[in-house]
file model.cif (mmCIF, C-alpha atoms)
data_entry
loop_
_atom_site.label_atom_id
_atom_site.label_comp_id
_atom_site.auth_asym_id
_atom_site.auth_seq_id
_atom_site.Cartn_x
_atom_site.Cartn_y
_atom_site.Cartn_z
CA MET H 121 18.51 106.64 -4.61
CA LYS H 122 19.70 110.20 -4.61
CA PRO H 123 21.70 111.39 -1.55
CA LEU H 124 19.94 113.98 0.63
CA ARG H 125 21.22 117.54 0.52
CA ASN H 126 22.68 118.95 3.71
CA LYS H 127 22.70 115.48 5.34
CA LEU H 128 26.41 114.75 5.15
CA ILE H 129 27.77 112.44 7.82
CA GLN H 130 31.40 112.89 8.78
CA SER H 131 33.40 110.94 11.26
CA ARG H 132 36.95 111.18 12.47
CA LEU H 133 38.71 107.89 13.00
CA ASP H 134 41.95 107.19 14.79
CA GLU H 135 44.62 105.07 13.09
CA ASP H 136 43.35 101.75 14.43
CA GLU H 137 39.74 102.53 13.52
CA MET H 138 40.80 103.61 10.03
CA ALA H 139 42.77 100.40 9.58
CA ASP H 140 39.71 98.41 10.70
CA PHE H 141 37.48 100.40 8.34
CA ASP H 142 39.85 99.69 5.44
CA LYS H 143 39.71 95.96 6.27
CA VAL H 144 35.91 96.04 6.36
CA LYS H 145 35.85 97.97 3.09
CA LYS H 146 38.06 95.30 1.52
CA LEU H 147 35.85 92.50 2.90
CA LEU H 148 32.84 94.21 1.32
CA GLY H 149 34.68 94.53 -1.98
CA GLU H 150 34.24 98.30 -1.97
CA GLU H 151 36.87 100.89 -2.87
CA ASN H 152 34.69 103.91 -2.14
CA ASN H 153 34.15 104.95 1.51
CA SER H 154 30.55 106.03 0.90
CA LYS H 155 29.62 102.75 -0.76
CA ALA H 156 31.24 100.82 2.07
CA VAL H 157 29.24 102.76 4.70
CA ARG H 158 26.02 102.22 2.71
CA GLN H 159 26.71 98.47 2.48
CA MET H 160 27.43 98.32 6.23
CA ILE H 161 24.05 99.99 6.89
CA LYS H 162 22.28 97.49 4.58
CA ASP H 163 24.04 94.58 6.30
CA GLU H 164 23.03 95.78 9.77
CA MET H 165 19.42 96.26 8.67
CA MET H 166 19.44 92.78 7.12
CA LEU H 167 20.73 91.29 10.38
CA LYS H 168 18.03 93.16 12.33
CA LYS H 169 15.34 91.80 9.99
CA ALA H 170 16.81 88.29 10.28
CA GLU H 171 16.63 88.55 14.06
CA GLU H 172 13.00 89.75 13.93
CA GLU H 173 12.00 87.00 11.48
CA TRP H 174 13.75 84.37 13.63
CA LYS H 175 11.86 85.55 16.71
CA LYS H 176 8.61 85.27 14.73
CA GLY H 177 9.54 81.67 13.84
CA ASN H 178 10.05 82.42 10.15
CA THR H 179 12.90 79.98 9.52
CA ASP H 180 12.31 80.14 5.75
CA TYR H 181 13.56 83.73 5.73
CA ILE H 182 16.74 82.64 7.53
CA SER H 183 17.30 79.72 5.12
CA ILE H 184 16.88 81.97 2.07
CA LEU H 185 19.16 84.58 3.60
CA LEU H 186 21.85 82.01 4.44
CA THR H 187 21.72 80.63 0.90
CA LYS H 188 22.03 84.14 -0.57
CA LEU H 189 24.94 85.06 1.72
CA SER H 190 26.67 81.75 1.03
CA ASP H 191 26.31 82.29 -2.73
CA GLU H 192 27.81 85.78 -2.30
CA GLU H 193 30.65 84.28 -0.21
CA ARG H 194 29.83 86.62 2.73
CA LEU H 195 31.16 84.30 5.44
CA PRO H 196 31.31 86.87 8.29
CA LEU H 197 27.68 87.87 7.68
CA THR H 198 26.68 84.20 7.38
CA GLN H 199 28.28 83.59 10.76
CA ALA H 200 26.41 86.59 12.23
CA VAL H 201 23.07 85.19 11.00
CA MET H 202 23.99 81.80 12.45
CA GLY H 203 24.66 83.56 15.76
CA ILE H 204 21.12 84.99 15.71
CA THR H 205 19.75 81.47 15.40
CA ASP H 206 21.89 80.17 18.28
CA THR H 207 23.92 78.03 15.88
CA LYS H 208 27.23 79.59 16.74
CA THR H 209 29.93 76.98 16.32
CA SER H 210 32.06 77.09 13.22
CA SER H 211 31.71 73.31 12.83
CA GLN H 212 27.94 73.67 12.56
CA LEU H 213 28.40 76.47 10.05
CA SER H 214 30.83 74.33 8.07
CA VAL H 215 28.35 71.44 8.02
CA LEU H 216 25.62 73.79 6.79
CA GLN H 217 27.83 75.20 4.05
CA ASN H 218 28.82 71.68 2.96
CA GLN H 219 25.14 70.72 2.81
CA PHE H 220 24.40 73.73 0.58
CA SER H 221 27.31 72.77 -1.70
CA ASP H 222 26.18 69.15 -1.82
CA ILE H 223 22.59 70.16 -2.59
CA GLN H 224 23.81 72.47 -5.35
CA SER H 225 25.84 69.60 -6.87
CA GLN H 226 22.86 67.27 -6.71
CA LEU H 227 20.60 69.86 -8.35
CA GLU H 228 23.15 70.28 -11.16
CA ALA H 229 23.13 66.49 -11.73
CA ILE H 230 19.32 66.52 -11.78
CA MET H 231 19.31 69.37 -14.29
CA MET H 232 21.75 67.45 -16.49
CA SER H 233 19.33 64.48 -16.55
CA VAL H 234 16.43 66.79 -17.40
CA THR H 235 18.47 68.38 -20.22
CA GLN H 236 19.35 64.95 -21.64
CA MET H 237 15.68 63.92 -21.56
CA GLY H 238 14.73 67.12 -23.35
CA ASN H 239 17.41 66.55 -25.99
CA ASN H 240 16.10 63.03 -26.63
CA LEU H 241 12.52 64.28 -27.01
CA ASN H 242 13.67 67.05 -29.37
CA GLN H 243 15.51 64.50 -31.52
CA ILE H 244 12.39 62.33 -31.72
CA ALA H 245 10.20 65.30 -32.65
CA LYS H 246 12.66 66.45 -35.31
CA VAL H 247 12.84 63.01 -36.94
CA MET H 248 9.05 62.60 -36.82
CA ASN H 249 8.53 66.05 -38.39
CA THR H 250 11.08 65.29 -41.11
CA VAL H 251 9.40 61.94 -41.90
CA ALA H 252 5.96 63.56 -41.98
CA LYS H 253 7.12 66.41 -44.27
CA GLU H 254 8.75 64.01 -46.72
CA ASP H 255 5.67 61.74 -46.73
CA GLU H 256 7.84 58.78 -45.83
CA ASP H 257 6.48 55.51 -44.54
CA LEU H 258 5.61 55.89 -40.84
CA THR H 259 5.60 52.09 -40.45
CA ASP H 260 9.37 51.87 -41.04
CA THR H 261 10.69 49.41 -38.43
CA ASP H 262 14.11 51.05 -38.16
CA LEU H 263 12.47 54.40 -37.42
CA TRP H 264 10.34 52.91 -34.65
CA LYS H 265 13.29 50.99 -33.23
CA TRP H 266 15.26 54.24 -33.06
CA ILE H 267 12.31 56.09 -31.44
CA SER H 268 11.84 53.21 -29.02
CA SER H 269 15.54 53.31 -28.02
CA ARG H 270 15.35 57.09 -27.43
CA LEU H 271 12.22 56.71 -25.29
CA PHE H 272 13.80 53.83 -23.37
CA GLU H 273 16.84 56.03 -22.70
CA ASP H 274 14.52 58.80 -21.48
CA SER H 275 12.77 56.36 -19.14
CA ARG H 276 16.18 55.46 -17.67
CA TYR H 277 16.95 59.15 -17.16
CA LEU H 278 13.54 59.59 -15.56
CA SER H 279 14.19 56.73 -13.10
CA VAL H 280 17.56 58.20 -12.17
CA LEU H 281 15.97 61.63 -11.84
CA LYS H 282 13.22 60.33 -9.54
CA LYS H 283 15.79 58.60 -7.33
CA LYS H 284 18.01 61.70 -7.14
CA ILE H 285 15.04 63.89 -6.21
CA ALA H 286 13.90 61.36 -3.57
CA ASP H 287 17.44 61.15 -2.12
CA LEU H 288 17.66 64.94 -2.04
CA LYS H 289 14.30 65.18 -0.22
CA VAL H 290 15.57 62.69 2.39
CA GLU H 291 18.83 64.62 2.76
CA VAL H 292 17.13 67.96 3.37
CA GLY H 293 14.56 66.41 5.71
CA LEU H 294 11.46 66.70 3.54
CA LYS H 295 10.79 62.97 3.83
CA GLU H 296 12.18 59.88 5.54
CA LYS H 297 13.61 56.76 3.98
CA ASP H 298 12.29 53.41 5.22
CA GLU H 299 15.55 51.76 6.32
CA SER H 300 14.00 48.27 6.59
CA THR H 301 13.08 48.12 2.89
CA HIS H 302 15.17 51.01 1.53
CA VAL H 303 12.01 52.15 -0.21
CA TYR H 304 10.55 55.62 -0.02
CA PRO H 305 7.00 55.83 1.32
CA ALA H 306 4.57 56.28 -1.58
CA ASN H 307 2.54 59.03 0.06
CA THR H 308 5.42 61.57 0.28
#

call {"tool": "encode", "arguments": {"input": "model.cif", "output": "structure tokens"}}
result
Amino acid sequence: MKPLRNKLIQSRLDEDEMADFDKVKKLLGEENNSKAVRQMIKDEMMLKKAEEEWKKGNTDYISILLTKLSDEERLPLTQAVMGITDTKTSSQLSVLQNQFSDIQSQLEAIMMSVTQMGNNLNQIAKVMNTVAKEDEDLTDTDLWKWISSRLFEDSRYLSVLKKKIADLKVEVGLKEKDESTHVYPANT
């Protein structure tokens, strides 16, 4: 956006205020005073919106905002949002941040399983295409044994993937684990 003409804002700060402003500027990662002031305005507006959404009962907005702020390593702003939601203690904030880190690690492990499954399927497709192009015998037992072993490996990855996703759903509260059987209810 282009700055407005004749709408310059000036402010005189004493030494302590200037020192505080420089600290805030550093926290924001800004070297330019104007950019720092603009970011402070954006942050305040974001906090106001978070407060309004919280009052409306829109907890999804707060969750998304907390994730975004955590990813940007904006701890003071994360703490301010937690204050809006009456979750003020640093231990609760620490637990929440650890949960986000743990969830991120679990999602990375899930993605690794998905990638491995995709690699296996690509290998199978490549071999089958090569065999078809060269008009080789599609009844070759070694070929089918190799394909079978790749598919079996994929089924193992799929089982692990299903368990990881189910565990993650339990951890984030999307479903409950049946402690008596250690089996997840089928309808969730």

call {"tool": "atom_distance", "arguments": {"input": "model.cif", "atom1": "CA of Ala170 in chain H", "atom2": "CA of Thr187 in chain H"}}
result
13.1 Å

call {"tool": "residues_around", "arguments": {"input": "model.cif", "residues": "Glu192 in chain H", "least_positions_apart": "6", "cutoff": "12 Å", "atoms": "all atoms listed in the file", "output": "ChimeraX atom specification"}}
result
/H:147-149,185-186,198

call {"tool": "residues_around", "arguments": {"input": "model.cif", "residues": "range 220-236 of chain H", "least_positions_apart": "5", "cutoff": "10 Å", "atoms": "all atoms listed in the file", "output": "PyMOL selection string"}}
result
chain H and resi 186-187+190-191+214-215+241-242+273-274+276-285+287-289+291-292

call {"tool": "atom_distance", "arguments": {"input": "model.cif", "atom1": "CA of Lys265 in chain H", "atom2": "CA of Lys253 in chain H"}}
result
19.9 Å

call {"tool": "atom_distance", "arguments": {"input": "model.cif", "atom1": "CA of Lys155 in chain H", "atom2": "CA of Glu135 in chain H"}}
result
20.5 Å

call {"tool": "residues_around", "arguments": {"input": "model.cif", "residues": "Phe141 in chain H", "least_positions_apart": "3", "cutoff": "12 Å", "atoms": "only C-alpha atoms", "output": "JSON, numbers by chain"}}
result
{"H": [131, 132, 133, 134, 135, 136, 137, 138, 144, 145, 146, 147, 148, 150, 151, 152, 153, 154, 156, 157, 160]}

call {"tool": "resolve_selection", "arguments": {"input": "model.cif", "expression": "the PyMOL selection byres ((chain H and resi 248) around 12)", "output": "list in words"}}
result
Leu241, Asn242, Gln243, Ile244, Ala245, Lys246, Val247, Asn249, Thr250, Val251, Ala252, Lys253, Glu254, Asp255, Glu256, Asp257, Leu258, Thr259, Asp260, Leu263, Trp264, Trp266 and Ile267 of chain H

call {"tool": "write_last_selection", "arguments": {"input": "model.cif", "atoms": "C-alpha atoms", "output": "mmCIF file, in the coordinates of the input"}}
result
data_model
loop_
_atom_site.group_PDB
_atom_site.id
_atom_site.type_symbol
_atom_site.label_atom_id
_atom_site.label_comp_id
_atom_site.auth_asym_id
_atom_site.auth_seq_id
_atom_site.Cartn_x
_atom_site.Cartn_y
_atom_site.Cartn_z
ATOM 1 C CA LEU H 241 12.520 64.280 -27.010
ATOM 2 C CA ASN H 242 13.670 67.050 -29.370
ATOM 3 C CA GLN H 243 15.510 64.500 -31.520
ATOM 4 C CA ILE H 244 12.390 62.330 -31.720
ATOM 5 C CA ALA H 245 10.200 65.300 -32.650
ATOM 6 C CA LYS H 246 12.660 66.450 -35.310
ATOM 7 C CA VAL H 247 12.840 63.010 -36.940
ATOM 8 C CA ASN H 249 8.530 66.050 -38.390
ATOM 9 C CA THR H 250 11.080 65.290 -41.110
ATOM 10 C CA VAL H 251 9.400 61.940 -41.900
ATOM 11 C CA ALA H 252 5.960 63.560 -41.980
ATOM 12 C CA LYS H 253 7.120 66.410 -44.270
ATOM 13 C CA GLU H 254 8.750 64.010 -46.720
ATOM 14 C CA ASP H 255 5.670 61.740 -46.730
ATOM 15 C CA GLU H 256 7.840 58.780 -45.830
ATOM 16 C CA ASP H 257 6.480 55.510 -44.540
ATOM 17 C CA LEU H 258 5.610 55.890 -40.840
ATOM 18 C CA THR H 259 5.600 52.090 -40.450
ATOM 19 C CA ASP H 260 9.370 51.870 -41.040
ATOM 20 C CA LEU H 263 12.470 54.400 -37.420
ATOM 21 C CA TRP H 264 10.340 52.910 -34.650
ATOM 22 C CA TRP H 266 15.260 54.240 -33.060
ATOM 23 C CA ILE H 267 12.310 56.090 -31.440
#

call {"tool": "closest_residue", "arguments": {"input": "model.cif", "among": "H:Glu296, H:Ser268, H:Val201, H:Ser275", "to": "Met237 in chain H", "atoms": "all atoms listed in the file"}}
result
H:Ser275
